[in-house]
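The next block holds one structure in the form of structure tokens; read it before the comments.
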Amino acid sequence: MQLGIIGFGKMGKAMAERLIDCDHQIIAWNRTSGKIDAVPAVTAADNPAEVVTACDINLSVLANDNATEAAYFGENGICSQALDSKIIIEFCTMSPTRAQHLADAVAAKGGAFLECPVGGTVKPARDGALVGMAAGDRAVFDKVQPLLKQMTRRLDYMGKVGNAAAMKLAINLPLMVYWGALGEAVAILGERGISYEQAFDILTDSSGAIGPAKMRQGPIIELLKTGSSGVSNFAVDQALKDMALMCDLARDEAAPAPIIAAATATAREAADAGWSDKDISLLAAWRKSNRT
């Protein structure tokens, strides 16, 4: 099947490589075309409209509202033309209101919209092991379900547009809290001579650990020992965008959210100190590295 991908950052590239392994042909657009050129099996398009013209099923894998605004509504954007028989699957983490806005815009052009934010970063995307949460018209979901299953280890249909966006924010919330809490846990050990290796090995093997904790302890320890780490799958500035959406959604739903508000303050403090491009998991080193 020929598929379009709009947005070819780390996740878009990983998804493309997975889909190529599943015998699909990919036409892609990215704001900087060099990222597409690095994957010879992918055909580069000049703009989003060109991708959608060539492909009936299109995956939008963009970073934030600004990126989707440009890709959908800019010159030669997705919605600059008729979208009859076209399906747009949106993977960006966004607010339910924003998801509905995009769905309405696609429908106004005659197309079909499905939101499918995913849990997981680059490696799960490359391995087809994401957690997918899809929402929109059930018939559209049924049509693209076999494709989405090639990309996911778990795929849930969530009902109306906006439900998947809300669910994605809900599953990311404990994750955002965990990395800061892990850093505080190490910090309260003080200077007792407990090695980072032993401390993190125990903490990530405890009942309070999350799934990704063990594979992240190496980069965290590296940062604490050397002051640097090459890992940046989900940067602090991206995480802050999601945290803001969580706080906004909590406010909209009249649901008090003091814990994510506190985690946001910690991440903002780290970003202001120059940690914006570090992986969010490295916040586990923030308090300890600040202290030393």
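Residue numbering restarts at 1 for every chain of the structure tokens, chains are lettered A, B, ... in their displayed order, and ligands are numbered from 1 as they appear.
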Those in range 44-183 of chain A with alpha helix (DSSP H) from DSSP, as a PyMOL selection string: chain A and resi 48-54+65-73+96-108+122-127+138-149+163-183
Export C-alpha atoms of the chosen residues as a PDB file, in the first residue's frame?
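Once written, out_24.pdb looks like this:
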ATOM      1  CA  PRO A  48       1.624  18.256   2.516  1.00  0.00           C
ATOM      2  CA  ALA A  49      -0.916  18.716  -0.290  1.00  0.00           C
ATOM      3  CA  GLU A  50       1.313  16.725  -2.639  1.00  0.00           C
ATOM      4  CA  VAL A  51       1.448  13.853  -0.140  1.00  0.00           C
ATOM      5  CA  VAL A  52      -2.321  13.758   0.290  1.00  0.00           C
ATOM      6  CA  THR A  53      -2.910  13.958  -3.451  1.00  0.00           C
ATOM      7  CA  ALA A  54      -0.757  10.872  -3.970  1.00  0.00           C
ATOM      8  CA  ASP A  65      -0.207  22.759  17.482  1.00  0.00           C
ATOM      9  CA  ASN A  66       2.033  25.154  15.554  1.00  0.00           C
ATOM     10  CA  ALA A  67       3.251  22.332  13.329  1.00  0.00           C
ATOM     11  CA  THR A  68      -0.252  20.997  12.682  1.00  0.00           C
ATOM     12  CA  GLU A  69      -1.543  24.512  11.982  1.00  0.00           C
ATOM     13  CA  ALA A  70       1.048  24.979   9.260  1.00  0.00           C
ATOM     14  CA  ALA A  71       0.649  21.476   7.799  1.00  0.00           C
ATOM     15  CA  TYR A  72      -3.161  21.575   7.700  1.00  0.00           C
ATOM     16  CA  PHE A  73      -3.896  25.220   6.945  1.00  0.00           C
ATOM     17  CA  PRO A  96      -9.455  17.170  22.675  1.00  0.00           C
ATOM     18  CA  THR A  97     -10.659  20.561  21.419  1.00  0.00           C
ATOM     19  CA  ARG A  98      -7.780  20.790  18.955  1.00  0.00           C
ATOM     20  CA  ALA A  99      -8.431  17.245  17.700  1.00  0.00           C
ATOM     21  CA  GLN A 100     -12.073  18.132  17.034  1.00  0.00           C
ATOM     22  CA  HIS A 101     -11.022  21.301  15.199  1.00  0.00           C
ATOM     23  CA  LEU A 102      -8.806  19.295  12.838  1.00  0.00           C
ATOM     24  CA  ALA A 103     -11.508  16.660  12.366  1.00  0.00           C
ATOM     25  CA  ASP A 104     -14.046  19.351  11.418  1.00  0.00           C
ATOM     26  CA  ALA A 105     -11.612  20.943   8.955  1.00  0.00           C
ATOM     27  CA  VAL A 106     -10.896  17.630   7.230  1.00  0.00           C
ATOM     28  CA  ALA A 107     -14.611  16.770   7.080  1.00  0.00           C
ATOM     29  CA  ALA A 108     -15.378  20.182   5.537  1.00  0.00           C
ATOM     30  CA  VAL A 122      11.334   5.805  18.882  1.00  0.00           C
ATOM     31  CA  LYS A 123      12.262   2.178  19.540  1.00  0.00           C
ATOM     32  CA  PRO A 124       8.669   0.960  20.032  1.00  0.00           C
ATOM     33  CA  ALA A 125       7.700   2.888  16.896  1.00  0.00           C
ATOM     34  CA  ARG A 126      10.467   1.172  14.947  1.00  0.00           C
ATOM     35  CA  ASP A 127       9.486  -2.235  16.349  1.00  0.00           C
ATOM     36  CA  ARG A 138     -15.970   3.600  13.611  1.00  0.00           C
ATOM     37  CA  ALA A 139     -16.077   2.713   9.915  1.00  0.00           C
ATOM     38  CA  VAL A 140     -12.873   4.663   9.315  1.00  0.00           C
ATOM     39  CA  PHE A 141     -11.205   2.923  12.235  1.00  0.00           C
ATOM     40  CA  ASP A 142     -12.264  -0.479  10.912  1.00  0.00           C
ATOM     41  CA  LYS A 143     -10.795   0.349   7.512  1.00  0.00           C
ATOM     42  CA  VAL A 144      -7.352   1.337   8.826  1.00  0.00           C
ATOM     43  CA  GLN A 145      -7.235  -1.063  11.784  1.00  0.00           C
ATOM     44  CA  PRO A 146      -5.020  -3.634   9.977  1.00  0.00           C
ATOM     45  CA  LEU A 147      -2.509  -0.867   9.223  1.00  0.00           C
ATOM     46  CA  LEU A 148      -2.535   0.462  12.781  1.00  0.00           C
ATOM     47  CA  LYS A 149      -2.053  -3.047  14.144  1.00  0.00           C
ATOM     48  CA  ASN A 163     -11.429  10.822  23.637  1.00  0.00           C
ATOM     49  CA  ALA A 164      -8.095   9.498  22.383  1.00  0.00           C
ATOM     50  CA  ALA A 165      -6.432  12.870  22.962  1.00  0.00           C
ATOM     51  CA  ALA A 166      -7.675  12.866  26.552  1.00  0.00           C
ATOM     52  CA  MET A 167      -6.545   9.269  27.084  1.00  0.00           C
ATOM     53  CA  LYS A 168      -3.057  10.040  25.739  1.00  0.00           C
ATOM     54  CA  LEU A 169      -2.674  12.918  28.195  1.00  0.00           C
ATOM     55  CA  ALA A 170      -3.902  10.645  30.989  1.00  0.00           C
ATOM     56  CA  ILE A 171      -1.319   7.934  30.299  1.00  0.00           C
ATOM     57  CA  ASN A 172       1.509  10.463  30.006  1.00  0.00           C
ATOM     58  CA  LEU A 173       0.678  12.171  33.299  1.00  0.00           C
ATOM     59  CA  PRO A 174       2.093   9.500  35.683  1.00  0.00           C
ATOM     60  CA  LEU A 175       5.159   9.193  33.448  1.00  0.00           C
ATOM     61  CA  MET A 176       5.894  12.921  33.710  1.00  0.00           C
ATOM     62  CA  VAL A 177       5.535  12.760  37.475  1.00  0.00           C
ATOM     63  CA  TYR A 178       7.693   9.645  37.821  1.00  0.00           C
ATOM     64  CA  TRP A 179      10.953  11.053  36.432  1.00  0.00           C
ATOM     65  CA  GLY A 180      10.954  14.021  38.788  1.00  0.00           C
ATOM     66  CA  ALA A 181       9.977  11.787  41.709  1.00  0.00           C
ATOM     67  CA  LEU A 182      12.829   9.396  40.883  1.00  0.00           C
ATOM     68  CA  GLY A 183      15.251  12.313  41.054  1.00  0.00           C
TER      69      GLY A 183
END
Write out as a PDB file with N, CA and C atoms, in the first residue's frame which residues come within 8 Å of Met11 in chain A when counting only C-alpha atoms, dropping same-chain ones fewer than 3 positions away.
ATOM      1  N   PHE A   8       8.449  14.180   9.487  1.00  0.00           N
ATOM      2  CA  PHE A   8       9.445  13.117   9.419  1.00  0.00           C
ATOM      3  C   PHE A   8      10.549  13.357  10.443  1.00  0.00           C
ATOM      4  N   ALA A  14      10.838   6.666  12.348  1.00  0.00           N
ATOM      5  CA  ALA A  14      10.740   5.313  12.901  1.00  0.00           C
ATOM      6  C   ALA A  14       9.491   4.599  12.389  1.00  0.00           C
ATOM      7  N   MET A  15       8.373   5.322  12.320  1.00  0.00           N
ATOM      8  CA  MET A  15       7.142   4.729  11.793  1.00  0.00           C
ATOM      9  C   MET A  15       7.318   4.351  10.323  1.00  0.00           C
ATOM     10  N   VAL A  61       2.378  13.089  11.636  1.00  0.00           N
ATOM     11  CA  VAL A  61       3.211  12.790  12.818  1.00  0.00           C
ATOM     12  C   VAL A  61       3.975  14.064  13.166  1.00  0.00           C
ATOM     13  N   THR A 121       8.054   5.641  22.432  1.00  0.00           N
ATOM     14  CA  THR A 121       8.962   6.539  21.747  1.00  0.00           C
ATOM     15  C   THR A 121       9.551   5.850  20.523  1.00  0.00           C
ATOM     16  N   VAL A 122      10.780   6.198  20.176  1.00  0.00           N
ATOM     17  CA  VAL A 122      11.334   5.805  18.882  1.00  0.00           C
ATOM     18  C   VAL A 122      11.476   4.294  18.720  1.00  0.00           C
ATOM     19  N   ALA A 125       8.222   2.530  18.223  1.00  0.00           N
ATOM     20  CA  ALA A 125       7.700   2.888  16.896  1.00  0.00           C
ATOM     21  C   ALA A 125       8.393   2.079  15.813  1.00  0.00           C
TER      22      ALA A 125
END
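From CA of Gln238 in chain A back to CA of Ala63 in chain A, the distance works out to 7.8 Å.
As for CA of Ala112 in chain A and CA of Ala134 in chain A, they are spaced 13.3 Å apart.
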Would you mind listing what lies within 8 Å of Gly7 in chain A as a short mmCIF file (atom, residue, chain, number, x, y, z; two decimals) with N, CA, C and O atoms, in the first residue's frame, with only C-alpha atoms counted and same-chain residues fewer than 3 positions away left out?
data_model
loop_
_atom_site.label_atom_id
_atom_site.label_comp_id
_atom_site.auth_asym_id
_atom_site.auth_seq_id
_atom_site.Cartn_x
_atom_site.Cartn_y
_atom_site.Cartn_z
N GLY A 12 8.26 10.07 13.10
CA GLY A 12 7.84 9.85 11.72
C GLY A 12 8.79 8.93 10.98
O GLY A 12 8.37 8.04 10.23
N ALA A 28 6.60 11.09 1.73
CA ALA A 28 6.64 11.89 2.96
C ALA A 28 6.98 13.34 2.69
O ALA A 28 7.64 13.68 1.70
N TRP A 29 6.52 14.20 3.60
CA TRP A 29 6.91 15.60 3.61
C TRP A 29 7.41 15.96 4.99
O TRP A 29 6.89 15.47 6.01
N ASN A 30 8.44 16.78 5.03
CA ASN A 30 8.93 17.33 6.28
C ASN A 30 9.40 18.75 6.02
O ASN A 30 9.80 19.10 4.90
N ARG A 31 9.32 19.57 7.04
CA ARG A 31 9.74 20.97 6.89
C ARG A 31 11.19 21.06 6.42
O ARG A 31 11.55 21.91 5.63
N SER A 60 -0.23 11.83 9.92
CA SER A 60 0.33 13.11 10.34
C SER A 60 1.06 12.90 11.66
O SER A 60 0.44 12.54 12.66
N VAL A 61 2.38 13.09 11.64
CA VAL A 61 3.21 12.79 12.82
C VAL A 61 3.98 14.06 13.17
O VAL A 61 5.18 14.18 12.91
N LEU A 62 3.28 15.01 13.73
CA LEU A 62 3.82 16.35 13.96
C LEU A 62 3.95 16.63 15.46
O LEU A 62 3.31 15.98 16.29
#
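The coordinates place CA of Ala267 in chain A at 14.8 Å from CA of Ser232 in chain A.
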Minimum-distance residue to Tyr157 in chain A, chosen among A:Gly230, A:Gly190, A:Gly77, A:Pro117 (using only C-alpha atoms): A:Pro117
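The residue set within 8 Å of Cys22 in chain A, counting only C-alpha atoms and dropping same-chain residues fewer than 3 places from it, reads Arg18, Leu19 and Gln150 of chain A.
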Those in range 47-215 of chain A with strand (DSSP E or B) from DSSP, as a list in words: Ile57, Asn58, Leu59, Ser60, Ile87, Ile88, Ile89, Glu90, Ala112, Phe113, Leu114, Glu115, Val118, Gly119, Leu130, Val131, Gly132, Met133, Ala134, Ala135, Gly136, Thr152, Arg153, Arg154, Leu155, Asp156 and Tyr157 of chain A
Close residues, range 211-221 of chain A itself excluded, 7 Å, only C-alpha atoms, min 5 positions apart in chain, as JSON, numbers by chain: {"A": [196, 200, 204, 229, 231, 281, 282, 284, 285]}
Please list as a compact mmCIF listing (two decimals) with C-alpha atoms, in the first residue's frame every residue within 12 Å of Asp248 in chain A, counting only C-alpha atoms and excluding residues in the same chain fewer than 3 positions away.
# COMPACT_ATOMS: atom_id res chain seq x y z
CA MET A 94 -3.01 17.55 21.53
CA SER A 95 -6.07 18.75 23.40
CA PRO A 96 -9.46 17.17 22.67
CA THR A 97 -10.66 20.56 21.42
CA ALA A 166 -7.67 12.87 26.55
CA LEU A 169 -2.67 12.92 28.20
CA LYS A 241 3.98 21.10 26.06
CA ASP A 242 2.17 17.91 27.11
CA MET A 243 2.13 18.93 30.79
CA ALA A 244 0.50 22.23 29.87
CA LEU A 245 -2.17 20.33 27.94
CA ARG A 251 -9.03 22.75 34.49
CA ASP A 252 -11.62 22.15 31.76
CA GLU A 253 -12.87 19.06 33.58
CA ALA A 254 -12.81 20.79 37.00
CA ALA A 255 -10.43 18.07 38.18
CA PRO A 256 -7.80 19.31 40.68
CA ALA A 257 -4.31 18.36 39.47
CA ILE A 260 1.16 17.36 37.62
CA ALA A 261 1.30 21.08 38.41
